[in-house]
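*Asks:* This one is my_file.cif, mmCIF, C-alpha atoms.
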data_entry
#
loop_
_atom_site.label_atom_id
_atom_site.label_comp_id
_atom_site.auth_asym_id
_atom_site.auth_seq_id
_atom_site.Cartn_x
_atom_site.Cartn_y
_atom_site.Cartn_z
CA MET A 1 -28.07 166.29 77.65
CA SER A 2 -30.08 169.17 76.13
CA PHE A 3 -33.61 169.88 77.32
CA ILE A 4 -34.93 168.89 73.86
CA GLU A 5 -33.07 166.51 71.58
CA VAL A 6 -34.53 165.60 68.19
CA LYS A 7 -32.50 163.28 65.98
CA ASN A 8 -33.11 161.95 62.46
CA VAL A 9 -36.88 162.31 62.67
CA ILE A 10 -38.89 161.29 59.61
CA LYS A 11 -42.67 161.64 59.35
CA THR A 12 -44.24 160.21 56.21
CA TYR A 13 -47.80 160.73 54.98
CA THR A 14 -49.39 158.63 52.28
CA THR A 15 -52.16 159.84 49.99
CA GLY A 16 -53.38 157.21 47.55
CA ASP A 17 -50.31 155.81 45.82
CA GLU A 18 -48.08 158.76 46.73
CA SER A 19 -46.01 159.33 49.86
CA PHE A 20 -44.17 162.40 51.05
CA ASN A 21 -42.04 163.28 54.05
CA ALA A 22 -43.63 166.04 56.13
CA LEU A 23 -40.46 165.84 58.24
CA ASP A 24 -37.43 164.73 56.27
CA ASP A 25 -34.62 163.55 58.58
CA ILE A 26 -34.57 166.57 60.90
CA SER A 27 -32.24 166.94 63.90
CA PHE A 28 -31.85 169.76 66.42
CA ASN A 29 -31.26 170.43 70.13
CA ILE A 30 -32.81 173.12 72.32
CA GLU A 31 -31.37 174.07 75.69
CA LYS A 32 -33.43 174.85 78.78
CA GLY A 33 -34.45 178.51 78.81
CA GLU A 34 -34.16 179.12 75.06
CA PHE A 35 -36.75 181.15 73.11
CA VAL A 36 -37.03 179.61 69.64
CA ALA A 37 -39.18 180.35 66.60
CA ILE A 38 -40.07 177.59 64.17
CA MET A 39 -40.74 179.34 60.87
CA GLY A 40 -41.95 178.26 57.48
CA THR A 41 -44.70 178.62 54.94
CA SER A 42 -47.75 176.36 54.80
CA GLY A 43 -46.63 172.80 54.07
CA SER A 44 -43.06 173.38 55.28
CA GLY A 45 -43.35 170.88 58.14
CA LYS A 46 -43.47 173.36 61.03
CA SER A 47 -46.91 172.24 62.25
CA THR A 48 -45.95 168.57 62.01
CA CYS A 49 -42.85 169.37 64.06
CA MET A 50 -44.97 171.20 66.63
CA ASN A 51 -47.31 168.22 66.98
CA MET A 52 -44.31 165.96 67.54
CA LEU A 53 -42.76 168.29 70.13
CA GLY A 54 -46.10 168.45 71.90
CA THR A 55 -46.30 164.62 71.93
CA LEU A 56 -49.52 164.85 69.89
CA ASP A 57 -48.11 162.84 66.98
CA LYS A 58 -45.43 160.22 66.51
CA PRO A 59 -43.12 160.06 63.47
CA ASN A 60 -42.13 156.98 61.51
CA SER A 61 -38.55 156.98 62.74
CA GLY A 62 -36.00 158.94 64.73
CA SER A 63 -35.76 159.93 68.39
CA TYR A 64 -37.08 162.70 70.63
CA PHE A 65 -35.87 163.20 74.20
CA LEU A 66 -37.61 165.78 76.38
CA ASP A 67 -35.83 166.64 79.62
CA GLY A 68 -33.96 163.33 79.42
CA ARG A 69 -37.06 161.21 78.73
CA ASP A 70 -37.46 159.12 75.57
CA VAL A 71 -40.81 160.43 74.32
CA PHE A 72 -41.35 157.89 71.55
CA SER A 73 -41.09 154.96 73.98
CA MET A 74 -43.77 156.31 76.35
CA SER A 75 -47.20 154.78 76.93
CA MET A 76 -50.37 156.78 76.27
CA ASP A 77 -50.74 157.46 80.01
CA GLU A 78 -47.14 158.68 80.26
CA LEU A 79 -47.64 160.96 77.26
CA SER A 80 -50.80 162.38 78.82
CA GLU A 81 -48.92 163.05 82.05
CA ILE A 82 -46.04 164.80 80.30
CA ARG A 83 -48.47 167.01 78.36
CA ASN A 84 -50.14 168.00 81.61
CA SER A 85 -47.03 168.63 83.71
CA THR A 86 -44.17 169.52 81.35
CA ILE A 87 -45.76 171.26 78.34
CA GLY A 88 -47.99 174.32 78.39
CA PHE A 89 -49.90 174.70 75.11
CA VAL A 90 -51.03 178.02 73.61
CA PHE A 91 -53.10 177.82 70.41
CA GLN A 92 -54.06 180.31 67.72
CA GLY A 93 -57.77 179.83 68.42
CA PHE A 94 -57.42 180.24 72.23
CA ASN A 95 -59.42 176.99 72.84
CA LEU A 96 -61.31 178.41 75.80
CA ILE A 97 -64.61 176.95 76.98
CA SER A 98 -67.15 179.58 75.97
CA ARG A 99 -69.58 179.33 78.90
CA THR A 100 -66.86 179.11 81.55
CA SER A 101 -65.19 182.02 83.35
CA ALA A 102 -61.55 182.94 82.94
CA LEU A 103 -60.83 181.54 86.40
CA ASP A 104 -62.49 178.21 85.60
CA ASN A 105 -60.78 177.96 82.19
CA VAL A 106 -57.40 178.39 83.84
CA GLN A 107 -58.23 175.70 86.40
CA LEU A 108 -58.87 172.98 83.80
CA PRO A 109 -55.35 171.48 83.62
CA MET A 110 -55.30 171.18 87.39
CA ILE A 111 -58.63 169.34 87.43
CA TYR A 112 -57.11 166.72 85.12
CA LYS A 113 -54.17 166.51 87.50
CA GLY A 114 -56.45 165.91 90.52
CA ILE A 115 -55.51 169.07 92.43
CA GLN A 116 -57.96 170.10 95.17
CA GLU A 117 -60.30 173.04 94.54
CA GLU A 118 -58.80 175.46 97.07
CA GLU A 119 -55.32 175.09 95.61
CA ARG A 120 -56.69 175.24 92.05
CA ILE A 121 -58.35 178.60 92.69
CA GLU A 122 -55.27 180.04 94.38
CA ARG A 123 -52.97 178.98 91.54
CA ALA A 124 -55.41 180.10 88.84
CA ARG A 125 -55.68 183.55 90.40
CA LYS A 126 -51.90 183.80 90.61
CA ALA A 127 -51.57 182.87 86.91
CA LEU A 128 -54.22 185.40 85.87
CA LYS A 129 -52.43 188.09 87.88
CA LEU A 130 -49.18 187.23 86.11
CA VAL A 131 -50.81 188.00 82.74
CA GLY A 132 -52.54 191.12 84.07
CA LEU A 133 -56.10 189.77 84.22
CA GLU A 134 -56.73 189.59 87.96
CA LYS A 135 -59.78 191.88 87.47
CA ARG A 136 -61.25 189.69 84.73
CA GLU A 137 -61.38 186.32 86.49
CA ASP A 138 -65.22 186.18 86.45
CA HIS A 139 -65.52 187.21 82.79
CA MET A 140 -66.62 184.76 80.09
CA PRO A 141 -64.59 184.57 76.86
CA ASN A 142 -67.25 186.56 74.93
CA GLN A 143 -66.81 189.38 77.46
CA MET A 144 -63.10 189.70 76.69
CA SER A 145 -61.08 190.95 73.74
CA GLY A 146 -59.01 188.59 71.62
CA GLY A 147 -55.85 189.67 73.41
CA GLN A 148 -57.42 189.07 76.81
CA GLN A 149 -58.61 185.62 75.72
CA GLN A 150 -55.10 184.74 74.57
CA ARG A 151 -53.72 185.89 77.91
CA VAL A 152 -56.20 183.57 79.65
CA ALA A 153 -54.86 180.78 77.43
CA ILE A 154 -51.31 181.69 78.46
CA ALA A 155 -52.32 181.65 82.13
CA ARG A 156 -53.84 178.20 81.59
CA ALA A 157 -50.57 177.03 80.03
CA LEU A 158 -48.65 178.30 83.07
CA VAL A 159 -50.84 177.07 85.87
CA ASN A 160 -49.16 173.67 86.31
CA ASP A 161 -45.74 175.39 86.25
CA ALA A 162 -44.76 173.63 83.02
CA PRO A 163 -41.13 174.43 82.13
CA PHE A 164 -41.87 174.25 78.38
CA ILE A 165 -44.32 176.56 76.59
CA LEU A 166 -45.32 175.50 73.06
CA ALA A 167 -47.26 178.15 71.13
CA ASP A 168 -48.85 177.58 67.73
CA GLU A 169 -49.36 180.85 65.78
CA PRO A 170 -50.42 182.55 69.06
CA THR A 171 -50.97 185.93 67.39
CA GLY A 172 -52.70 184.63 64.25
CA ASN A 173 -56.14 185.93 65.27
CA LEU A 174 -54.94 189.21 66.79
CA ASP A 175 -54.39 192.73 65.49
CA THR A 176 -50.93 194.27 65.46
CA ARG A 177 -51.20 196.15 68.77
CA THR A 178 -52.60 193.15 70.62
CA SER A 179 -49.99 190.87 69.05
CA ILE A 180 -47.26 193.08 70.50
CA GLU A 181 -48.86 192.84 73.96
CA VAL A 182 -49.07 189.05 73.77
CA MET A 183 -45.51 188.68 72.51
CA ASP A 184 -44.28 190.89 75.35
CA PHE A 185 -45.77 188.29 77.72
CA PHE A 186 -43.84 185.50 76.01
CA VAL A 187 -40.63 187.52 76.39
CA LYS A 188 -41.46 187.98 80.07
CA LEU A 189 -42.08 184.24 80.50
CA ASN A 190 -38.73 183.48 78.93
CA GLU A 191 -36.60 186.14 80.57
CA GLN A 192 -38.22 186.46 84.01
CA GLU A 193 -39.90 183.09 84.55
CA HIS A 194 -37.10 181.19 82.73
CA LYS A 195 -39.51 179.15 80.61
CA THR A 196 -38.33 177.35 77.50
CA VAL A 197 -40.54 178.79 74.75
CA ILE A 198 -41.01 177.39 71.24
CA LEU A 199 -43.22 179.48 69.02
CA VAL A 200 -44.51 178.32 65.62
CA THR A 201 -45.10 181.20 63.21
CA HIS A 202 -44.95 182.25 59.58
CA GLU A 203 -44.68 185.95 60.47
CA PRO A 204 -41.18 187.51 60.48
CA ASP A 205 -42.33 190.33 62.78
CA ILE A 206 -43.32 187.74 65.41
CA ALA A 207 -40.11 185.75 64.99
CA GLU A 208 -38.22 188.97 65.80
CA TYR A 209 -39.12 188.45 69.46
CA CYS A 210 -37.33 185.09 69.60
CA LYS A 211 -33.63 184.55 70.18
CA ARG A 212 -33.17 181.70 67.72
CA ILE A 213 -34.94 180.82 64.47
CA LEU A 214 -35.34 177.39 62.88
CA ARG A 215 -36.56 177.75 59.28
CA PHE A 216 -38.36 174.84 57.66
CA LYS A 217 -38.90 174.15 53.96
CA ASP A 218 -40.25 170.96 52.37
CA GLY A 219 -39.89 169.06 55.63
CA LYS A 220 -36.25 170.01 56.14
CA ILE A 221 -34.51 172.51 58.39
CA VAL A 222 -32.87 174.91 55.93
CA ALA A 223 -31.48 177.32 58.52
CA ASP A 224 -30.78 177.33 62.26
CA GLN A 225 -29.75 180.86 63.19
CA SER A 226 -29.44 183.21 66.11
CA LYS A 227 -31.75 186.22 65.97
CA GLU A 228 -28.82 188.39 64.86
CA GLU A 229 -27.82 186.02 62.05
CA TRP A 230 -31.41 185.72 60.89
CA GLN A 231 -31.86 189.51 60.86
CA LYS A 232 -28.77 189.90 58.67
CA THR A 233 -30.10 187.30 56.24
CA ARG A 234 -33.49 188.96 56.21
CA ASN A 235 -32.00 192.41 55.56
CA ARG A 236 -29.95 191.08 52.64
CA ASN A 237 -33.09 189.62 51.06
CA THR A 238 -35.15 192.80 51.36
#
Rewrite the coordinates I just gave you, this time as structure tokens.

*Replies:*
Amino acid sequence: MSFIEVKNVIKTYTTGDESFNALDDISFNIEKGEFVAIMGTSGSGKSTCMNMLGTLDKPNSGSYFLDGRDVFSMSMDELSEIRNSTIGFVFQGFNLISRTSALDNVQLPMIYKGIQEEERIERARKALKLVGLEKREDHMPNQMSGGQQQRVAIARALVNDAPFILADEPTGNLDTRTSIEVMDFFVKLNEQEHKTVILVTHEPDIAEYCKRILRFKDGKIVADQSKEEWQKTRNRNT
């Protein structure tokens, strides 16, 4: 069984008398250790797919297995546990607590997991060192650049040793140079830490870092390509 198995998923939204499928019978598998971009314009279904993969939303029909577990049959408590132990989230807006230090922000997932303070601090410091911020652990978010804040968010996603990193437009609020730095960390997580990384983006230059690209349009997957295949398609269209 693949690490992620999505089969025949449909997610329907209703507005007034009209309904539309944000996800229209999508199916795909992702193996452990893959680095995948989910691409598409606004309204393509990529964000709805991300919410489903992150167990934040449930579709109308279909199946989703994560590491052999049937996600759609889980209780709320089981879903909460899987989000805390299996999935590390990285968001466009960083989602850091403004009046809390980098070290304390990174500790948050472990507090929810009931880990003792001494171990929390040790693991948080290790995660901050991994992203190159061991000298910034006492800094508040407003004392750090956007790139540093995103690296704190990455450290927070890593601190429970989640095997699956799910990133939603992680460079959307960053300049080009800082975006490159952040994406280099995702490559490192994939290649050296062997994390499964799924990155949601609408930017081709960011998708270039991934090894496989799923392109969404109108709720459907219109292409599932290796990086090399996608680059050839992109070059033909430019």

*Asks:* Can you turn the PyMOL selection byres ((chain A and resi 131-146) around 6) into a concrete residue list for this file, as a list in words?

*Replies:*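 Selection result, ordered by chain and number: Ser98, Thr100, Ser101, Ala102, Leu103, Leu128, Lys129, Leu130, Gly147, Gln148 and Gln149 of chain A.
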
*Asks:* Check the smallest atom-to-atom distance from each of A:Ile198, A:Leu166, A:Val36, A:Ala207 to A:Gln231 using only C-alpha atoms, then report the winner.

*Replies:*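 Counting only C-alpha atoms, the residue closest to A:Gln231 is A:Ala207.
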
*Asks:* For A:His194, which of A:Lys32, A:Ile82, A:Met1, A:Cys49 is the closest residue, counting all atoms listed in the file?

*Replies:* A:Lys32

*Asks:* So what does the PyMOL selection byres ((chain A and resi 54-68) around 7) actually pick up in this one, as a short mmCIF file (atom, residue, chain, number, x, y, z; two decimals) with C-alpha atoms, keeping the file's coordinate frame?

*Replies:*
data_model
loop_
_atom_site.label_atom_id
_atom_site.label_comp_id
_atom_site.auth_asym_id
_atom_site.auth_seq_id
_atom_site.Cartn_x
_atom_site.Cartn_y
_atom_site.Cartn_z
CA MET A 1 -28.07 166.29 77.65
CA PHE A 3 -33.61 169.88 77.32
CA ILE A 4 -34.93 168.89 73.86
CA GLU A 5 -33.07 166.51 71.58
CA VAL A 6 -34.53 165.60 68.19
CA LYS A 7 -32.50 163.28 65.98
CA ASN A 8 -33.11 161.95 62.46
CA VAL A 9 -36.88 162.31 62.67
CA ILE A 10 -38.89 161.29 59.61
CA LYS A 11 -42.67 161.64 59.35
CA THR A 12 -44.24 160.21 56.21
CA MET A 50 -44.97 171.20 66.63
CA ASN A 51 -47.31 168.22 66.98
CA MET A 52 -44.31 165.96 67.54
CA LEU A 53 -42.76 168.29 70.13
CA ARG A 69 -37.06 161.21 78.73
CA ASP A 70 -37.46 159.12 75.57
CA VAL A 71 -40.81 160.43 74.32
CA PHE A 72 -41.35 157.89 71.55
CA LEU A 79 -47.64 160.96 77.26
#

*Asks:* Determine the residue set returned by the PyMOL selection byres ((chain A and resi 214) around 6) for the present structure, and present it as a PyMOL selection string.

*Replies:* chain A and resi 38+213+215+223-224

*Asks:* Those selected residues, please, written with C-alpha atoms and delivered as a JSON list (two decimals), keeping the file's coordinate frame.

*Replies:*
[["chain", "number", "residue", "atom", "x", "y", "z"],
["A", 38, "ILE", "CA", -40.07, 177.59, 64.17],
["A", 213, "ILE", "CA", -34.94, 180.82, 64.47],
["A", 215, "ARG", "CA", -36.56, 177.75, 59.28],
["A", 223, "ALA", "CA", -31.48, 177.32, 58.52],
["A", 224, "ASP", "CA", -30.78, 177.33, 62.26]]

*Asks:* Quick one: of A:Gly88, A:Gly33, A:Gly45, A:Gly40, who's nearest to A:Ile165, counting all atoms listed in the file?

*Replies:* A:Gly88

*Asks:* Would you kindly return, as an MDAnalysis selection string, each protein, DNA or RNA residue with an atom no farther than 8 Å from any atom of A:Met110, considering only C-alpha atoms and excluding same-chain residues fewer than 2 positions away?

*Replies:* chainID A and resid 107:108 112:115 120 159:160

*Asks:* Restricting the calculation to all atoms listed in the file: of A:Val90, A:Met74, A:Val200, A:Ala167, which residue gets closest to A:Ala153?

*Replies:* A:Val90

*Asks:* Tell me which protein, DNA and RNA residues are within 10 Å of A:Ile206, counting only C-alpha atoms, leaving out same-chain ones fewer than 6 positions away, and put them as a CSV table (one decimal) with C-alpha atoms, in the frame of the given file.

*Replies:*
chain,number,residue,atom,x,y,z
A,37,ALA,CA,-39.2,180.4,66.6
A,39,MET,CA,-40.7,179.3,60.9
A,169,GLU,CA,-49.4,180.8,65.8
A,170,PRO,CA,-50.4,182.6,69.1
A,171,THR,CA,-51.0,185.9,67.4
A,172,GLY,CA,-52.7,184.6,64.2
A,179,SER,CA,-50.0,190.9,69.0
A,180,ILE,CA,-47.3,193.1,70.5
A,183,MET,CA,-45.5,188.7,72.5
A,199,LEU,CA,-43.2,179.5,69.0
A,200,VAL,CA,-44.5,178.3,65.6

*Asks:* Between A:Val197, A:Leu174, A:Asn237, A:Ser44, which one has atoms that come closest to A:Val222, using all atoms listed in the file?

*Replies:*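 Of A:Val197, A:Leu174, A:Asn237, A:Ser44, the one nearest A:Val222, counting all atoms listed in the file, is A:Ser44.
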
*Asks:* Using Å and a single decimal, report how far atom CA of A:Glu34 sits from atom CA of A:Thr196.

*Replies:*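 Taking atom CA of A:Thr196 and atom CA of A:Glu34, their separation equals 5.1 Å.
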
*Asks:* Using all atoms listed in the file, which of the listed residues (A:Ile221, A:Thr14, A:Ile154, A:Arg125) sits closest to A:Lys188?

*Replies:* A:Ile154

*Asks:* Would you compute the distance between atom CA of A:Thr178 and atom CA of A:Ala157? Give it in Å to one decimal.

*Replies:* 18.8 Å

*Asks:* Work out how far apart atom CA of A:His202 and atom CA of A:Ala155 are and give it in Å to one decimal.

*Replies:* 23.7 Å

*Asks:* Place a sphere of radius 12 Å on (-30.0, 188.9, 61.9) in the file coordinates and name every protein, DNA or RNA residue with an atom inside or on its surface, counting all atoms listed in the file; give the answer as a list in words.

*Replies:*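 Selection result: Pro204, Ala207, Glu208, Tyr209, Cys210, Lys211, Arg212, Ile213, Asp224, Gln225, Ser226, Lys227, Glu228, Glu229, Trp230, Gln231, Lys232, Thr233, Arg234, Asn235, Arg236 and Asn237 of chain A.
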